[in-house]
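Below: the structure, in structure tokens.
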Amino acid sequence: MKTVLLVDGGYLRAGVRTVNLIYNNDFIKQFCLNCFHGDEYRFRIFYYDAPLYRGKVTLPVSGRSYQFQSSDQWLDALAKKERFAVRRGAIGFRGWKPKTIPIAGRELQDQDFSPLFEQKGVDMRIGLDIATFAHARIIERIVLVSGDTDMVPAIKLARTAGIEVIIVQLPKPVLDLHASLLAHSDMVRSVVWPIQPAV
């Protein structure tokens, strides 16, 4: 069965943080391969993510400037892997949040705050690709790694076009999928984390 895998990188990364695994391109590749089952032809793997923030910001207490440094070479490298396609969103800086609450009662320092970032454009790109598959009817099955309920209209469109949609449930302790994703998909597939070598 001709199958595409669509992976929301931000969602996958958040799940990986709960189990303290190393998130790199080898992990991503092995996780993606674990998402396919025996009767499926791996037509393509679409990975959606935004490069880490790069830019100058003002620190919340001292008012000094701070430069975030990052590289998106890992996305370039991932795109070169066999049957992978990378779709890039953007990430914006949205300010600072306290690391602990309440924050009153002592003199605050810059390190008492964490940066807030917002990823943009990933959900739209996933939805557009699903709509393209539904229109062109070049695949038979979509396996989706996302917990975003904004995907529901695109999922419904794909199913109307006769494409099977499978939602991936990440391993515990990640929260269960939202009821609307379960209601509008054909089935749920449980996937195990890749085994990583001991350090």
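Going through the structure tokens in order, the chains are called A, B, and so on, while each chain numbers its residues from 1 and the ligands are numbered from 1 in the order shown.
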May I have the residues within 12 Å of Asp76 (chain A) as a PDB file with C-alpha atoms, in the first residue's frame, using only C-alpha atoms and disregarding those fewer than 3 positions away in the same chain?
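Writing done, so here's result.pdb:
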```pdb
ATOM      1  CA  ASN A  25      18.738  12.909  12.723  1.00  0.00           C
ATOM      2  CA  TYR A  47       9.296  16.067   8.184  1.00  0.00           C
ATOM      3  CA  ASP A  49       9.952  21.689  11.607  1.00  0.00           C
ATOM      4  CA  ALA A  50      11.407  25.126  12.146  1.00  0.00           C
ATOM      5  CA  PRO A  51      15.106  25.846  12.654  1.00  0.00           C
ATOM      6  CA  SER A  71      22.214  26.399  12.672  1.00  0.00           C
ATOM      7  CA  ASP A  72      19.745  24.655  10.401  1.00  0.00           C
ATOM      8  CA  GLN A  73      22.376  22.360   8.864  1.00  0.00           C
ATOM      9  CA  ALA A  79      16.531  16.319   3.727  1.00  0.00           C
ATOM     10  CA  LYS A  80      19.350  14.369   2.062  1.00  0.00           C
ATOM     11  CA  LYS A  81      18.325  11.086   3.675  1.00  0.00           C
ATOM     12  CA  PHE A  84      12.912  12.256   3.225  1.00  0.00           C
ATOM     13  CA  ALA A  85      11.468  15.652   2.381  1.00  0.00           C
ATOM     14  CA  VAL A  86      11.805  18.554   4.823  1.00  0.00           C
ATOM     15  CA  ARG A  87       9.228  21.331   5.055  1.00  0.00           C
ATOM     16  CA  ARG A  88      10.398  24.346   7.040  1.00  0.00           C
TER      17      ARG A  88
END
```
Distance query region 177-190 of chain A at most 9 Å, only C-alpha atoms, self and fewer than 3 positions along chain excluded, as a list in words: Cys35, Val143, Ser146, Gly147, Asp148, Thr149, Met151, Val152, Pro153, Ile155, Lys156, Arg159, Glu164, Val165, Ile166, Ile167, Val168, Gln169, Leu170, Pro171 and Val174 of chain A
Pick from A:Phe133, A:Phe31, A:Phe68, A:Tyr11, whichever lies nearest to Arg54 (chain A) using only C-alpha atoms: A:Phe68
Atom-to-atom span, CA of Val192 (chain A) and CA of Phe46 (chain A), Å: 19.2 Å
Selected residue of minimal separation from Arg94 (chain A) among A:Ser114, A:Ser65, A:Thr132, A:Thr3, counting only C-alpha atoms: A:Ser114
Among the residues A:Ile28, A:Leu108, A:Gly92, A:Leu157, the one that comes closest to Gly121 (chain A) [using only C-alpha atoms]: A:Gly92
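A straight line drawn from CA of Asp39 (chain A) to CA of Arg13 (chain A) is 27.4 Å long.
Residue neighbourhood of Val61 (chain A), excluding near-sequence residues (fewer than 4 positions): A:Leu108, A:Gln109, A:Asp110, A:Gln111, A:Phe113, at 9 Å, using only C-alpha atoms.
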Test item, alpha helix (DSSP H) assignment across region 10-167 of chain A, answer as a count of residues only: 49
Distance in Å - CA of Phe36 (chain A) versus CA of Lys172 (chain A):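 Value for the CA of Phe36 (chain A)-CA of Lys172 (chain A) distance: 19.2 Å.
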Spatial neighbours of Gln196 (chain A), max dist 9 Å, only C-alpha atoms, sep filter under 6 positions, as a PyMOL selection string: chain A and resi 21-22+27
Restricting the output to C-alpha atoms, write the selected residues as an mmCIF file, in the first residue's frame.
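This went into part29.cif:
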```cif
data_model
loop_
_atom_site.group_PDB
_atom_site.id
_atom_site.type_symbol
_atom_site.label_atom_id
_atom_site.label_comp_id
_atom_site.auth_asym_id
_atom_site.auth_seq_id
_atom_site.Cartn_x
_atom_site.Cartn_y
_atom_site.Cartn_z
ATOM 1 C CA LEU A 21 16.237 10.570 24.626
ATOM 2 C CA ILE A 22 18.750 12.189 22.272
ATOM 3 C CA PHE A 27 16.782 9.183 16.046
#
```
Residue set, chain A restricted to strand (DSSP E), as an NGL selection string: :A and (2-8 or 41-49 or 55-58 or 65-68 or 84-88 or 90-98 or 113-120 or 141-145 or 164-169 or 187-190)
Resulting file, chosen residues, C-alpha atoms, as a compact mmCIF listing (two decimals), in the first residue's frame:
```
# COMPACT_ATOMS: atom_id res chain seq x y z
CA LYS A 2 1.53 3.33 -1.08
CA THR A 3 2.01 5.29 2.16
CA VAL A 4 3.36 8.69 3.19
CA LEU A 5 4.45 9.58 6.69
CA LEU A 6 3.92 13.15 7.89
CA VAL A 7 5.81 14.12 11.05
CA ASP A 8 5.28 17.31 13.06
CA TYR A 41 5.37 0.95 0.56
CA ARG A 42 7.36 3.90 1.96
CA PHE A 43 6.57 6.44 -0.73
CA ARG A 44 8.00 9.41 1.20
CA ILE A 45 8.61 10.79 4.67
CA PHE A 46 7.69 14.44 5.15
CA TYR A 47 9.30 16.07 8.18
CA TYR A 48 7.97 19.48 9.24
CA ASP A 49 9.95 21.69 11.61
CA GLY A 55 18.64 36.66 16.54
CA LYS A 56 19.30 39.36 19.14
CA VAL A 57 16.95 39.87 22.11
CA THR A 58 16.90 41.96 25.30
CA SER A 65 21.44 42.26 24.62
CA TYR A 66 21.72 38.52 24.04
CA GLN A 67 22.38 36.77 20.74
CA PHE A 68 20.74 33.39 20.09
CA PHE A 84 12.91 12.26 3.23
CA ALA A 85 11.47 15.65 2.38
CA VAL A 86 11.80 18.55 4.82
CA ARG A 87 9.23 21.33 5.06
CA ARG A 88 10.40 24.35 7.04
CA ALA A 90 9.54 29.69 11.00
CA ILE A 91 10.11 30.39 14.67
CA GLY A 92 9.66 33.70 16.45
CA PHE A 93 10.73 35.02 19.84
CA ARG A 94 7.71 35.95 22.00
CA GLY A 95 9.33 37.10 25.24
CA TRP A 96 10.24 35.53 28.57
CA LYS A 97 8.50 33.36 31.16
CA PRO A 98 9.53 32.71 34.78
CA PHE A 113 13.49 33.31 33.04
CA SER A 114 13.21 31.05 29.99
CA PRO A 115 12.68 32.30 26.44
CA LEU A 116 9.29 31.81 24.80
CA PHE A 117 9.34 30.78 21.14
CA GLU A 118 6.44 30.27 18.76
CA GLN A 119 6.59 27.97 15.75
CA LYS A 120 4.65 29.18 12.73
CA ARG A 141 -2.53 5.86 3.13
CA ILE A 142 -1.30 8.71 5.32
CA VAL A 143 0.42 8.01 8.64
CA LEU A 144 0.37 11.21 10.70
CA VAL A 145 2.50 12.08 13.72
CA GLU A 164 -6.77 5.98 4.77
CA VAL A 165 -5.51 8.11 7.67
CA ILE A 166 -3.64 6.56 10.59
CA ILE A 167 -2.73 8.65 13.63
CA VAL A 168 0.40 7.71 15.58
CA GLN A 169 0.16 7.51 19.37
CA MET A 187 -7.12 3.93 13.18
CA VAL A 188 -4.46 4.63 15.79
CA ARG A 189 -0.99 3.12 15.55
CA SER A 190 1.24 2.77 18.60
```
